[in-house]
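Undergrad: Just so it is clear, I am handing over final18.txt, which has compact mmCIF, C-alpha atoms.
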```
# COMPACT_ATOMS: atom_id res chain seq x y z
CA MET A 1 33.43 112.24 74.62
CA GLN A 2 35.31 113.04 71.46
CA PRO A 3 33.21 115.13 69.04
CA PRO A 4 31.37 112.89 66.55
CA GLN A 5 33.75 112.16 63.71
CA GLU A 6 32.78 112.52 60.09
CA LEU A 7 33.75 109.57 57.89
CA ALA A 8 36.26 110.80 55.32
CA ALA A 9 36.22 108.86 52.06
CA SER A 10 39.62 108.11 50.52
CA LEU A 11 40.94 110.68 48.03
CA LEU A 12 43.11 109.76 45.07
CA ALA A 13 46.59 111.25 45.63
CA ALA A 14 47.77 113.82 43.10
CA ALA A 15 51.43 113.99 44.07
CA LEU A 16 53.82 115.46 41.53
CA LEU A 17 57.28 114.65 42.83
CA LEU A 18 59.30 114.32 39.60
CA PRO A 19 59.38 116.27 36.34
CA GLY A 20 57.92 114.67 33.26
CA VAL A 21 55.46 112.47 35.14
CA GLN A 22 52.95 111.08 32.63
CA ALA A 23 51.24 108.14 34.32
CA LEU A 24 48.69 108.31 37.12
CA ALA A 25 47.66 104.66 37.29
CA ASP A 26 48.42 103.16 40.70
CA GLU A 27 50.84 100.27 40.82
CA PRO A 28 51.40 97.72 43.60
CA PRO A 29 54.03 98.86 46.10
CA GLN A 30 57.39 97.30 45.37
CA ASN A 31 58.37 97.32 49.05
CA GLY A 32 56.64 97.19 52.39
CA SER A 33 56.95 99.84 55.08
CA ILE A 34 56.26 100.38 58.76
CA SER A 35 55.77 103.86 60.23
CA LEU A 36 55.75 105.01 63.83
CA ARG A 37 54.24 108.42 64.51
CA TYR A 38 53.54 110.60 67.53
CA LEU A 39 51.30 113.69 67.68
CA ASP A 40 51.09 116.19 70.53
CA TYR A 41 48.26 118.75 70.48
CA ALA A 42 47.45 121.58 72.89
CA ASP A 43 45.03 124.51 72.65
CA ARG A 44 44.28 127.46 74.89
CA GLN A 45 41.83 130.33 75.19
CA SER A 46 41.84 133.48 77.35
CA GLY A 47 44.82 132.30 79.38
CA LEU A 48 43.15 128.93 79.97
CA ASP A 49 44.88 125.71 78.90
CA ARG A 50 42.00 123.76 77.37
CA ILE A 51 42.56 120.48 75.57
CA ARG A 52 45.78 118.43 75.48
CA ALA A 53 46.09 115.29 73.34
CA HIS A 54 48.83 112.70 72.86
CA SER A 55 48.44 110.32 69.93
CA PRO A 56 50.98 107.59 69.08
CA SER A 57 50.27 105.41 66.03
CA ILE A 58 51.76 102.64 63.91
CA ALA A 59 51.04 102.00 60.23
CA VAL A 60 52.05 99.07 58.01
CA THR A 61 51.86 98.71 54.24
CA ALA A 62 52.86 95.48 52.48
CA PRO A 63 52.61 94.05 48.95
CA VAL A 64 50.95 90.65 48.62
CA ALA A 65 51.71 88.48 45.59
CA SER A 66 51.99 90.69 42.51
CA ASP A 67 48.61 92.42 42.31
CA TRP A 68 47.58 93.01 45.92
CA SER A 69 48.56 95.12 48.90
CA ILE A 70 47.37 95.48 52.48
CA GLU A 71 47.68 98.37 54.89
CA GLY A 72 46.60 99.03 58.43
CA THR A 73 46.92 101.64 61.18
CA LEU A 74 46.56 101.48 64.97
CA THR A 75 46.17 104.70 66.99
CA ALA A 76 45.79 105.48 70.69
CA ASP A 77 44.65 108.95 71.78
CA ASP A 78 44.97 110.31 75.33
CA VAL A 79 42.84 113.47 75.65
CA SER A 80 42.50 115.63 78.76
CA GLY A 81 41.75 119.20 79.77
CA ALA A 82 38.92 121.65 80.19
CA SER A 83 36.06 121.38 77.71
CA PRO A 84 33.69 124.42 77.83
CA ARG A 85 30.11 123.52 78.75
CA TYR A 86 28.81 126.50 76.78
CA HIS A 87 30.71 129.05 74.73
CA THR A 88 33.98 129.57 76.65
CA ALA A 89 32.63 128.97 80.18
CA VAL A 90 34.50 126.28 82.11
CA SER A 91 33.44 124.74 85.42
CA GLY A 92 34.78 121.89 87.50
CA ALA A 93 32.27 119.55 85.88
CA SER A 94 33.64 120.31 82.43
CA HIS A 95 37.13 118.93 83.07
CA MET A 96 37.57 115.67 81.20
CA GLN A 97 39.97 112.86 80.45
CA ASP A 98 39.47 110.16 77.88
CA GLU A 99 41.29 107.51 75.89
CA ARG A 100 40.44 106.45 72.38
CA LYS A 101 41.74 103.38 70.55
CA ALA A 102 41.27 103.17 66.80
CA GLY A 103 42.28 100.92 63.96
CA ASP A 104 41.71 100.66 60.22
CA PHE A 105 42.55 98.05 57.61
CA ALA A 106 42.39 98.09 53.81
CA VAL A 107 43.03 95.62 50.99
CA THR A 108 43.78 96.83 47.46
CA ARG A 109 43.61 94.86 44.19
CA TYR A 110 45.59 96.34 41.29
CA PHE A 111 44.52 95.99 37.66
CA ARG A 112 46.14 97.14 34.45
CA ARG A 113 44.19 100.40 34.41
CA GLY A 114 42.76 100.74 37.89
CA THR A 115 42.46 99.68 41.51
CA LEU A 116 39.78 98.51 43.92
CA THR A 117 40.16 99.04 47.68
CA ALA A 118 37.97 97.70 50.49
CA GLY A 119 38.48 99.09 53.99
CA ALA A 120 37.15 98.89 57.53
CA ALA A 121 37.69 101.11 60.58
CA TYR A 122 36.83 100.84 64.27
CA SER A 123 37.34 103.20 67.19
CA THR A 124 36.23 103.08 70.81
CA GLU A 125 36.28 105.29 73.86
CA HIS A 126 34.40 105.12 77.13
CA ASP A 127 31.24 106.70 75.73
CA TYR A 128 31.57 106.53 71.94
CA VAL A 129 32.05 103.63 69.49
CA SER A 130 32.39 104.05 65.73
CA ARG A 131 32.37 101.39 62.98
CA ALA A 132 32.92 102.12 59.30
CA LEU A 133 33.25 100.34 55.94
CA SER A 134 34.43 101.76 52.62
CA LEU A 135 34.88 100.72 48.98
CA ASN A 136 36.96 102.86 46.62
CA GLY A 137 38.10 102.41 43.05
CA THR A 138 40.13 104.14 40.35
CA LEU A 139 40.09 103.81 36.55
CA SER A 140 42.73 105.30 34.25
CA SER A 141 42.60 106.23 30.58
CA GLU A 142 44.60 104.30 27.97
CA ASP A 143 47.32 106.97 27.97
CA ASN A 144 47.30 107.06 31.80
CA ASP A 145 46.98 110.85 31.77
CA THR A 146 43.51 110.82 33.37
CA THR A 147 42.33 108.85 36.38
CA TRP A 148 38.75 108.68 37.67
CA ALA A 149 38.06 107.89 41.31
CA PHE A 150 34.85 106.62 42.93
CA GLY A 151 34.07 105.83 46.55
CA LEU A 152 31.31 104.65 48.85
CA ALA A 153 31.57 104.62 52.65
CA GLY A 154 29.26 104.13 55.60
CA SER A 155 29.57 104.42 59.36
CA ARG A 156 27.49 103.60 62.44
CA ASP A 157 28.30 105.25 65.77
CA SER A 158 26.99 104.43 69.24
CA ILE A 159 26.81 107.17 71.89
CA ASP A 160 26.46 106.56 75.65
CA PRO A 161 27.48 109.71 77.58
CA VAL A 162 28.41 109.32 81.24
CA ASN A 163 25.90 112.01 82.28
CA HIS A 164 23.06 109.81 80.89
CA VAL A 165 21.48 112.67 78.94
CA VAL A 166 20.80 109.94 76.37
CA VAL A 167 21.29 106.16 76.50
CA ASP A 168 22.41 103.99 73.56
CA GLU A 169 21.91 106.67 70.91
CA HIS A 170 23.17 106.15 67.36
CA LYS A 171 24.34 108.08 64.33
CA ARG A 172 24.62 106.72 60.78
CA THR A 173 26.35 108.29 57.78
CA VAL A 174 26.73 107.36 54.11
CA SER A 175 29.30 109.09 51.86
CA VAL A 176 29.76 108.96 48.10
CA LEU A 177 32.76 110.35 46.23
CA ALA A 178 33.62 111.04 42.61
CA GLY A 179 36.79 112.64 41.33
CA VAL A 180 39.15 113.06 38.41
CA THR A 181 42.90 113.61 38.34
CA ARG A 182 44.53 114.84 35.12
CA VAL A 183 48.09 115.36 33.91
CA LEU A 184 47.89 118.88 32.46
CA THR A 185 51.51 119.36 31.38
CA PRO A 186 54.77 117.48 32.06
CA ASN A 187 55.02 119.63 35.21
CA ASP A 188 51.38 119.98 36.30
CA ILE A 189 48.69 117.75 37.76
CA GLY A 190 45.14 118.89 38.58
CA GLN A 191 42.42 117.20 40.59
CA LEU A 192 38.70 117.73 41.19
CA THR A 193 36.81 115.73 43.84
CA LEU A 194 33.13 115.90 44.85
CA THR A 195 31.83 114.34 48.08
CA ARG A 196 28.29 114.00 49.44
CA THR A 197 27.56 112.77 52.98
CA ASN A 198 24.11 112.06 54.43
CA GLY A 199 23.85 111.52 58.16
CA ASP A 200 20.96 110.67 60.47
CA GLY A 201 20.68 110.17 64.22
CA TYR A 202 22.16 111.85 67.28
CA PHE A 203 24.42 114.83 66.45
CA ASN A 204 24.29 116.70 69.79
CA ASP A 205 27.22 117.22 72.12
CA PRO A 206 25.70 115.75 75.31
CA TYR A 207 28.19 117.61 77.52
CA LYS A 208 27.22 121.09 76.32
CA LEU A 209 24.21 122.87 77.82
CA PHE A 210 21.42 123.75 75.37
CA ASP A 211 23.05 121.82 72.53
CA ASN A 212 20.09 120.55 70.50
CA ARG A 213 20.85 119.94 66.83
CA PRO A 214 18.78 118.47 63.99
CA ARG A 215 18.73 114.68 63.76
CA SER A 216 19.96 114.79 60.18
CA ARG A 217 22.84 116.47 58.40
CA ARG A 218 23.56 116.75 54.68
CA GLN A 219 27.11 117.74 53.69
CA ASN A 220 28.67 118.63 50.33
CA THR A 221 32.34 119.19 49.54
CA VAL A 222 34.13 120.37 46.40
CA LEU A 223 37.92 119.96 46.42
CA LEU A 224 40.35 121.39 43.83
CA ARG A 225 44.08 120.61 43.82
CA TRP A 226 46.93 121.71 41.60
CA ASN A 227 50.53 120.52 41.88
CA HIS A 228 53.30 122.20 39.88
CA TYR A 229 56.92 121.11 39.55
CA LEU A 230 59.52 123.92 39.27
CA ASP A 231 62.42 123.12 36.95
CA SER A 232 64.47 125.99 38.36
CA THR A 233 64.52 124.75 41.97
CA GLY A 234 63.50 121.08 41.77
CA GLY A 235 60.67 121.85 44.18
CA THR A 236 56.92 121.31 43.98
CA THR A 237 54.09 123.68 44.86
CA ARG A 238 50.84 122.12 46.08
CA LEU A 239 47.79 124.37 46.07
CA GLY A 240 44.26 123.46 47.16
CA TYR A 241 40.82 124.99 47.52
CA ARG A 242 37.89 123.36 49.35
CA TYR A 243 34.28 124.53 49.46
CA TYR A 244 31.95 123.02 52.05
CA SER A 245 28.21 123.44 52.66
CA ASP A 246 25.70 121.58 54.81
CA SER A 247 22.09 121.53 55.96
CA TYR A 248 23.09 123.46 59.11
CA ARG A 249 23.62 126.38 56.67
CA ILE A 250 27.35 126.40 57.34
CA ARG A 251 29.34 127.59 54.33
CA ALA A 252 33.11 127.23 54.52
CA HIS A 253 36.12 128.01 52.33
CA THR A 254 39.63 126.59 52.76
CA LEU A 255 42.66 127.79 50.79
CA SER A 256 45.88 125.85 51.34
CA GLY A 257 49.39 125.94 49.95
CA GLU A 258 52.64 124.15 50.59
CA TYR A 259 56.02 123.99 48.92
CA VAL A 260 58.21 120.86 48.88
CA GLN A 261 61.89 121.69 48.46
CA PRO A 262 64.44 118.85 48.28
CA LEU A 263 67.88 119.69 49.64
CA ALA A 264 71.27 118.04 49.58
CA GLY A 265 72.04 115.08 51.81
CA GLY A 266 68.55 113.60 51.68
CA TRP A 267 66.88 116.58 53.37
CA SER A 268 63.70 118.35 52.31
CA VAL A 269 61.64 121.16 53.84
CA VAL A 270 57.90 121.75 53.45
CA PRO A 271 56.50 125.12 54.59
CA GLU A 272 52.72 125.37 54.48
CA VAL A 273 49.87 127.78 55.18
CA ARG A 274 46.10 127.26 55.37
CA LEU A 275 43.36 129.91 55.48
CA TYR A 276 39.85 128.98 56.61
CA THR A 277 36.55 130.81 57.03
CA GLN A 278 33.02 129.61 57.81
CA SER A 279 29.56 131.03 58.48
CA ALA A 280 27.66 130.08 61.64
CA ALA A 281 25.09 127.31 61.81
CA SER A 282 21.52 128.60 61.61
CA PHE A 283 20.80 127.51 65.21
CA TYR A 284 24.07 128.68 66.79
CA TYR A 285 23.64 131.53 69.29
CA ASP A 286 26.38 133.96 70.30
CA PRO A 287 27.22 134.62 73.99
CA VAL A 288 24.35 137.09 74.34
CA TYR A 289 21.96 135.51 76.85
CA ASP A 290 18.34 135.86 77.92
CA GLY A 291 17.78 139.22 79.61
CA THR A 292 15.93 137.71 82.57
CA LEU A 293 17.57 134.33 83.09
CA GLY A 294 21.11 135.24 82.06
CA PRO A 295 23.75 132.72 80.99
CA PRO A 296 23.68 130.12 79.61
CA PHE A 297 20.07 130.54 78.47
CA PRO A 298 19.59 131.55 74.81
CA PRO A 299 17.83 134.85 74.08
CA GLY A 300 14.06 134.49 74.42
CA PHE A 301 14.33 131.17 76.21
CA SER A 302 11.58 131.93 78.71
CA SER A 303 9.08 132.89 76.01
CA GLY A 304 10.25 130.51 73.28
CA ALA A 305 9.99 126.81 72.80
CA GLY A 306 12.35 126.11 75.71
CA VAL A 307 14.66 123.15 75.65
CA ASP A 308 12.95 121.63 72.60
CA ARG A 309 14.03 124.29 70.14
CA LEU A 310 17.18 123.94 68.04
CA SER A 311 20.18 125.73 69.55
CA SER A 312 23.89 125.31 70.15
CA PRO A 313 26.61 127.33 71.92
CA ASP A 314 29.36 125.14 70.40
CA GLN A 315 32.15 127.42 69.19
CA ARG A 316 32.88 125.03 66.31
CA LEU A 317 29.49 125.99 64.83
CA SER A 318 30.11 129.76 65.09
CA GLY A 319 31.18 132.10 62.30
CA PHE A 320 34.95 132.50 62.34
CA GLY A 321 38.16 132.61 60.37
CA ALA A 322 41.36 130.71 61.10
CA VAL A 323 45.00 130.62 60.00
CA THR A 324 47.35 127.63 60.21
CA VAL A 325 51.09 127.96 59.57
CA GLY A 326 53.38 124.94 59.58
CA LEU A 327 56.82 123.65 58.73
CA LYS A 328 57.80 120.04 58.02
CA VAL A 329 61.39 118.78 57.78
CA VAL A 330 62.12 115.38 56.23
CA ARG A 331 65.39 113.43 56.20
CA GLU A 332 66.01 110.36 54.04
CA ILE A 333 68.62 108.12 55.68
CA GLY A 334 69.94 105.75 53.08
CA LYS A 335 67.34 103.87 51.04
CA LEU A 336 65.41 102.38 53.94
CA TRP A 337 64.81 105.03 56.62
CA THR A 338 62.89 108.32 56.70
CA VAL A 339 62.50 110.71 59.63
CA ASP A 340 60.13 113.68 59.60
CA VAL A 341 59.22 116.41 62.09
CA LYS A 342 56.33 118.86 61.72
CA VAL A 343 55.24 121.87 63.80
CA GLU A 344 52.01 123.83 63.24
CA GLY A 345 50.45 126.88 64.85
CA TYR A 346 46.70 127.59 64.61
CA GLU A 347 44.64 130.63 65.57
CA GLN A 348 40.88 131.15 65.26
CA ARG A 349 38.99 134.46 65.64
CA GLY A 350 35.43 135.52 64.97
CA SER A 351 36.65 138.82 63.49
CA TRP A 352 38.61 136.93 60.81
CA ARG A 353 35.44 135.61 59.21
CA LEU A 354 35.29 136.68 55.54
CA PHE A 355 32.27 137.64 53.40
CA HIS A 356 30.04 138.24 56.47
CA ASP A 357 30.53 139.28 60.08
CA GLY A 358 31.98 136.68 62.41
CA SER A 359 30.40 135.57 65.68
CA PRO A 360 31.17 138.23 68.33
CA GLY A 361 31.99 137.70 71.99
CA LEU A 362 34.19 134.62 71.63
CA ALA A 363 37.79 134.71 72.83
CA PRO A 364 40.44 133.77 70.23
CA LEU A 365 41.38 130.08 70.19
CA ARG A 366 45.02 129.11 69.67
CA ALA A 367 46.52 125.66 69.18
CA ARG A 368 49.94 124.10 68.73
CA ILE A 369 50.49 120.77 66.96
CA PHE A 370 53.75 118.80 66.98
CA GLN A 371 54.30 115.60 64.99
CA VAL A 372 57.27 113.29 64.55
CA GLY A 373 57.49 110.17 62.39
CA LEU A 374 59.90 107.35 61.60
CA THR A 375 59.45 105.07 58.55
CA ARG A 376 61.35 101.87 57.72
CA ARG A 377 61.03 100.25 54.28
CA TRP A 378 61.92 96.69 53.43
```
Please re-express this file's structure in structure tokens.
TA:
Amino acid sequence: MQPPQELAASLLAAALLLPGVQALADEPPQNGSISLRYLDYADRQSGLDRIRAHSPSIAVTAPVASDWSIEGTLTADDVSGASPRYHTAVSGASHMQDERKAGDFAVTRYFRRGTLTAGAAYSTEHDYVSRALSLNGTLSSEDNDTTWAFGLAGSRDSIDPVNHVVVDEHKRTVSVLAGVTRVLTPNDIGQLTLTRTNGDGYFNDPYKLFDNRPRSRRQNTVLLRWNHYLDSTGGTTRLGYRYYSDSYRIRAHTLSGEYVQPLAGGWSVVPEVRLYTQSAASFYYDPVYDGTLGPPFPPGFSSGAGVDRLSSPDQRLSGFGAVTVGLKVVREIGKLWTVDVKVEGYEQRGSWRLFHDGSPGLAPLRARIFQVGLTRRW
């Protein structure tokens, strides 16, 4: 089963592509477009090839009349590999293969000083089904230098693992978003976005031993963005900082930066780097096991509350730091075609955790992501 997915509310774009940009108000697209994309993902740990994913997708955006637009995306994921049952331990039973099919659709109405977007999303795999609805709006000032964004989204997921640990479990989430984007100078745009998500239901990973999480999760996110256009090079720097906290007592910081440099002949290059660090969940336990029972039993299992107490050996809930480095190359072919290729490398280590000690005893996790896209406008 794919890990439960958090519903991400739409964020108002703060792209600064040209000098002297003054208006932020969204306008209906003048042309339609269709995009074909393919993503290939692979990660490994301690010489073990873990998860491999292939994900083709198609996206369409089209104007309707003069004040409307529609957009939709279809995605198919093929995931296979070795998923650790606890910490980094892999057995024959932990090898998996799954397919996920997902789609989303949105309709946007454009007004003189704002927009209103209604969306729906659906995804299914053999043991997990997710349904989501969202409503997002923007409102711009009279001078179009400031745009406010608001959003509301909800999802309902059904979980039926093949090992029958649970049957017909559910998870529900509700997200609210508020943000502001502001033209600071002719060359600068800033953005602040706040998101709150409340979730209730089944949050466990049913394929991991001793994974017993609370049946509720409260999440808060603060996102800051700043885009700056450079007159000297014609390029744009995009900087971002994200702070995340939740009721699991995870605290996370993300610092990201990329630089968009147009080149002659319709080419552009986009190098990027992202730094991430998080503290461990309050119920996560490191690979130090009960002295009598050994792995995978948590310390004190025999004298504690047993299987009913909160615990998780999921590495994603540990304390760690991570670095992502990527490069994207884009080529505009005439006025109608765009081709882009992107390669990213990711590495995660407990010793890279900032502010506090990371979770010890976990092998470094490395991943490689390759993406290619083709867009046709009409």
Undergrad: Between A:Lys335, A:Arg238, A:Lys101, A:Arg131, single out the one closest to A:Arg376, counting only C-alpha atoms.
TA: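 Smallest distance to A:Arg376 is found for A:Lys335.
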Undergrad: Calculate how many Å separate atom CA of A:His95 from atom CA of A:Ser83, rounding to one decimal.
TA: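 Going from atom CA of A:His95 over to atom CA of A:Ser83 covers 6.0 Å.
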Undergrad: Which residue is closest to A:Thr88? Choose from A:Ser46, A:Pro298, A:Ala153, A:Asp357 and count all atoms listed in the file.
TA: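 Ranking A:Ser46, A:Pro298, A:Ala153, A:Asp357 by distance to A:Thr88, first place goes to A:Ser46.
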Undergrad: Could you list, as a PDB file with C-alpha atoms, keeping the file's coordinate frame, every residue within 12 Å of stretch 211-218 of chain A, counting only C-alpha atoms and ignoring same-chain residues fewer than 2 positions away?
TA:
```pdb
ATOM      1  CA  GLU A   6      32.780 112.520  60.090  1.00  0.00           C
ATOM      2  CA  ARG A  85      30.110 123.520  78.750  1.00  0.00           C
ATOM      3  CA  TYR A  86      28.810 126.500  76.780  1.00  0.00           C
ATOM      4  CA  HIS A  87      30.710 129.050  74.730  1.00  0.00           C
ATOM      5  CA  VAL A 165      21.480 112.670  78.940  1.00  0.00           C
ATOM      6  CA  GLU A 169      21.910 106.670  70.910  1.00  0.00           C
ATOM      7  CA  HIS A 170      23.170 106.150  67.360  1.00  0.00           C
ATOM      8  CA  LYS A 171      24.340 108.080  64.330  1.00  0.00           C
ATOM      9  CA  ARG A 172      24.620 106.720  60.780  1.00  0.00           C
ATOM     10  CA  THR A 173      26.350 108.290  57.780  1.00  0.00           C
ATOM     11  CA  VAL A 174      26.730 107.360  54.110  1.00  0.00           C
ATOM     12  CA  SER A 175      29.300 109.090  51.860  1.00  0.00           C
ATOM     13  CA  VAL A 176      29.760 108.960  48.100  1.00  0.00           C
ATOM     14  CA  THR A 195      31.830 114.340  48.080  1.00  0.00           C
ATOM     15  CA  ARG A 196      28.290 114.000  49.440  1.00  0.00           C
ATOM     16  CA  THR A 197      27.560 112.770  52.980  1.00  0.00           C
ATOM     17  CA  ASN A 198      24.110 112.060  54.430  1.00  0.00           C
ATOM     18  CA  GLY A 199      23.850 111.520  58.160  1.00  0.00           C
ATOM     19  CA  ASP A 200      20.960 110.670  60.470  1.00  0.00           C
ATOM     20  CA  GLY A 201      20.680 110.170  64.220  1.00  0.00           C
ATOM     21  CA  TYR A 202      22.160 111.850  67.280  1.00  0.00           C
ATOM     22  CA  PHE A 203      24.420 114.830  66.450  1.00  0.00           C
ATOM     23  CA  ASN A 204      24.290 116.700  69.790  1.00  0.00           C
ATOM     24  CA  ASP A 205      27.220 117.220  72.120  1.00  0.00           C
ATOM     25  CA  PRO A 206      25.700 115.750  75.310  1.00  0.00           C
ATOM     26  CA  TYR A 207      28.190 117.610  77.520  1.00  0.00           C
ATOM     27  CA  LYS A 208      27.220 121.090  76.320  1.00  0.00           C
ATOM     28  CA  LEU A 209      24.210 122.870  77.820  1.00  0.00           C
ATOM     29  CA  ASN A 220      28.670 118.630  50.330  1.00  0.00           C
ATOM     30  CA  THR A 221      32.340 119.190  49.540  1.00  0.00           C
ATOM     31  CA  TYR A 244      31.950 123.020  52.050  1.00  0.00           C
ATOM     32  CA  SER A 245      28.210 123.440  52.660  1.00  0.00           C
ATOM     33  CA  ASP A 246      25.700 121.580  54.810  1.00  0.00           C
ATOM     34  CA  SER A 247      22.090 121.530  55.960  1.00  0.00           C
ATOM     35  CA  TYR A 248      23.090 123.460  59.110  1.00  0.00           C
ATOM     36  CA  ARG A 249      23.620 126.380  56.670  1.00  0.00           C
ATOM     37  CA  ILE A 250      27.350 126.400  57.340  1.00  0.00           C
ATOM     38  CA  ALA A 281      25.090 127.310  61.810  1.00  0.00           C
ATOM     39  CA  SER A 282      21.520 128.600  61.610  1.00  0.00           C
ATOM     40  CA  PHE A 283      20.800 127.510  65.210  1.00  0.00           C
ATOM     41  CA  TYR A 284      24.070 128.680  66.790  1.00  0.00           C
ATOM     42  CA  TYR A 285      23.640 131.530  69.290  1.00  0.00           C
ATOM     43  CA  PRO A 296      23.680 130.120  79.610  1.00  0.00           C
ATOM     44  CA  PHE A 297      20.070 130.540  78.470  1.00  0.00           C
ATOM     45  CA  PRO A 298      19.590 131.550  74.810  1.00  0.00           C
ATOM     46  CA  GLY A 306      12.350 126.110  75.710  1.00  0.00           C
ATOM     47  CA  VAL A 307      14.660 123.150  75.650  1.00  0.00           C
ATOM     48  CA  ASP A 308      12.950 121.630  72.600  1.00  0.00           C
ATOM     49  CA  ARG A 309      14.030 124.290  70.140  1.00  0.00           C
ATOM     50  CA  LEU A 310      17.180 123.940  68.040  1.00  0.00           C
ATOM     51  CA  SER A 311      20.180 125.730  69.550  1.00  0.00           C
ATOM     52  CA  SER A 312      23.890 125.310  70.150  1.00  0.00           C
ATOM     53  CA  PRO A 313      26.610 127.330  71.920  1.00  0.00           C
ATOM     54  CA  ASP A 314      29.360 125.140  70.400  1.00  0.00           C
ATOM     55  CA  GLN A 315      32.150 127.420  69.190  1.00  0.00           C
ATOM     56  CA  LEU A 317      29.490 125.990  64.830  1.00  0.00           C
TER      57      LEU A 317
END
```
Undergrad: How far is it from atom CA of A:Asp160 to atom CA of A:Arg100, in Å with one decimal?
TA: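 Here the two named atoms are 14.4 Å from each other.
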Undergrad: Tell me, in Å to one decimal, how far atom CA of A:Trp148 is from atom CA of A:Gly179.
TA: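 According to the coordinates, atom CA of A:Trp148 and atom CA of A:Gly179 are separated by 5.7 Å.
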Undergrad: Near stretch 25-38 of chain A, counting all atoms listed in the file, which residues have an atom at most 8 Å away, once you skip same-chain residues fewer than 6 positions from it, shown as a ChimeraX atom specification?
TA: /A:54-63,66-69,110,113-115,139-140,144,147,371-378
Undergrad: So which residues touch A:Arg274 within 12 Å, counting only C-alpha atoms, skipping near sequence neighbours fewer than 6 positions away, as an MDAnalysis selection string?
TA: chainID A and resid 238:242 253:258 321:327 344:348
Undergrad: Generate a file of the selected residues that holds C-alpha atoms, formatted as a compact mmCIF listing (two decimals), in the frame of the given file.
TA:
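Output file again_38.txt is given in full below:
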```txt
# COMPACT_ATOMS: atom_id res chain seq x y z
CA ARG A 238 50.84 122.12 46.08
CA LEU A 239 47.79 124.37 46.07
CA GLY A 240 44.26 123.46 47.16
CA TYR A 241 40.82 124.99 47.52
CA ARG A 242 37.89 123.36 49.35
CA HIS A 253 36.12 128.01 52.33
CA THR A 254 39.63 126.59 52.76
CA LEU A 255 42.66 127.79 50.79
CA SER A 256 45.88 125.85 51.34
CA GLY A 257 49.39 125.94 49.95
CA GLU A 258 52.64 124.15 50.59
CA GLY A 321 38.16 132.61 60.37
CA ALA A 322 41.36 130.71 61.10
CA VAL A 323 45.00 130.62 60.00
CA THR A 324 47.35 127.63 60.21
CA VAL A 325 51.09 127.96 59.57
CA GLY A 326 53.38 124.94 59.58
CA LEU A 327 56.82 123.65 58.73
CA GLU A 344 52.01 123.83 63.24
CA GLY A 345 50.45 126.88 64.85
CA TYR A 346 46.70 127.59 64.61
CA GLU A 347 44.64 130.63 65.57
CA GLN A 348 40.88 131.15 65.26
```
Undergrad: Find the residues near stretch 260-267 of chain A: any atom within 10 Å, counting only C-alpha atoms, skip ones fewer than 4 places away on the same chain, and give them as a list in words.
TA: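 Returned residues: Leu17, Tyr229, Leu230, Thr233, Gly234, Gly235, Thr236, Thr237, Arg238, Pro271, Glu272, Lys328, Val329, Val330, Arg331, Glu332, Ile333, Gly334, Lys335, Thr338, Val339 and Asp340 of chain A.
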Undergrad: Can you write just those residues out, C-alpha atoms, as a compact mmCIF listing (two decimals), keeping the file's coordinate frame?
TA:
```
# COMPACT_ATOMS: atom_id res chain seq x y z
CA LEU A 17 57.28 114.65 42.83
CA TYR A 229 56.92 121.11 39.55
CA LEU A 230 59.52 123.92 39.27
CA THR A 233 64.52 124.75 41.97
CA GLY A 234 63.50 121.08 41.77
CA GLY A 235 60.67 121.85 44.18
CA THR A 236 56.92 121.31 43.98
CA THR A 237 54.09 123.68 44.86
CA ARG A 238 50.84 122.12 46.08
CA PRO A 271 56.50 125.12 54.59
CA GLU A 272 52.72 125.37 54.48
CA LYS A 328 57.80 120.04 58.02
CA VAL A 329 61.39 118.78 57.78
CA VAL A 330 62.12 115.38 56.23
CA ARG A 331 65.39 113.43 56.20
CA GLU A 332 66.01 110.36 54.04
CA ILE A 333 68.62 108.12 55.68
CA GLY A 334 69.94 105.75 53.08
CA LYS A 335 67.34 103.87 51.04
CA THR A 338 62.89 108.32 56.70
CA VAL A 339 62.50 110.71 59.63
CA ASP A 340 60.13 113.68 59.60
```
Undergrad: Write out as an mmCIF file with C-alpha atoms, keeping the file's coordinate frame which residues come within 7 Å of A:Gly103 when counting all atoms listed in the file, dropping same-chain ones fewer than 4 positions away.
TA:
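Dumped everything to around.cif:
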```cif
data_model
loop_
_atom_site.group_PDB
_atom_site.id
_atom_site.type_symbol
_atom_site.label_atom_id
_atom_site.label_comp_id
_atom_site.auth_asym_id
_atom_site.auth_seq_id
_atom_site.Cartn_x
_atom_site.Cartn_y
_atom_site.Cartn_z
ATOM 1 C CA THR A 73 46.920 101.640 61.180
ATOM 2 C CA LEU A 74 46.560 101.480 64.970
ATOM 3 C CA THR A 75 46.170 104.700 66.990
ATOM 4 C CA ALA A 121 37.690 101.110 60.580
ATOM 5 C CA TYR A 122 36.830 100.840 64.270
ATOM 6 C CA SER A 123 37.340 103.200 67.190
#
```
Undergrad: Using only C-alpha atoms, can you tell me which of A:Asp231, A:Asp40, A:Asp78, A:Glu99 comes closest to A:Ile369?
TA: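 Closest residue, counting only C-alpha atoms: A:Asp40.
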Undergrad: From the options A:Gly350, A:Pro161, A:Gln219, A:His228, which residue's atoms come nearest to A:Gly190, counting all atoms listed in the file?
TA: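 Closest to A:Gly190 of all the choices is A:His228.
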Undergrad: Taking into account all atoms listed in the file, which residue in the set A:Gln278, A:Tyr128, A:Gln45, A:Gly72 is nearest to A:Ala89?
TA: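 Residue with the minimum atom-to-atom distance to A:Ala89: A:Gln45.
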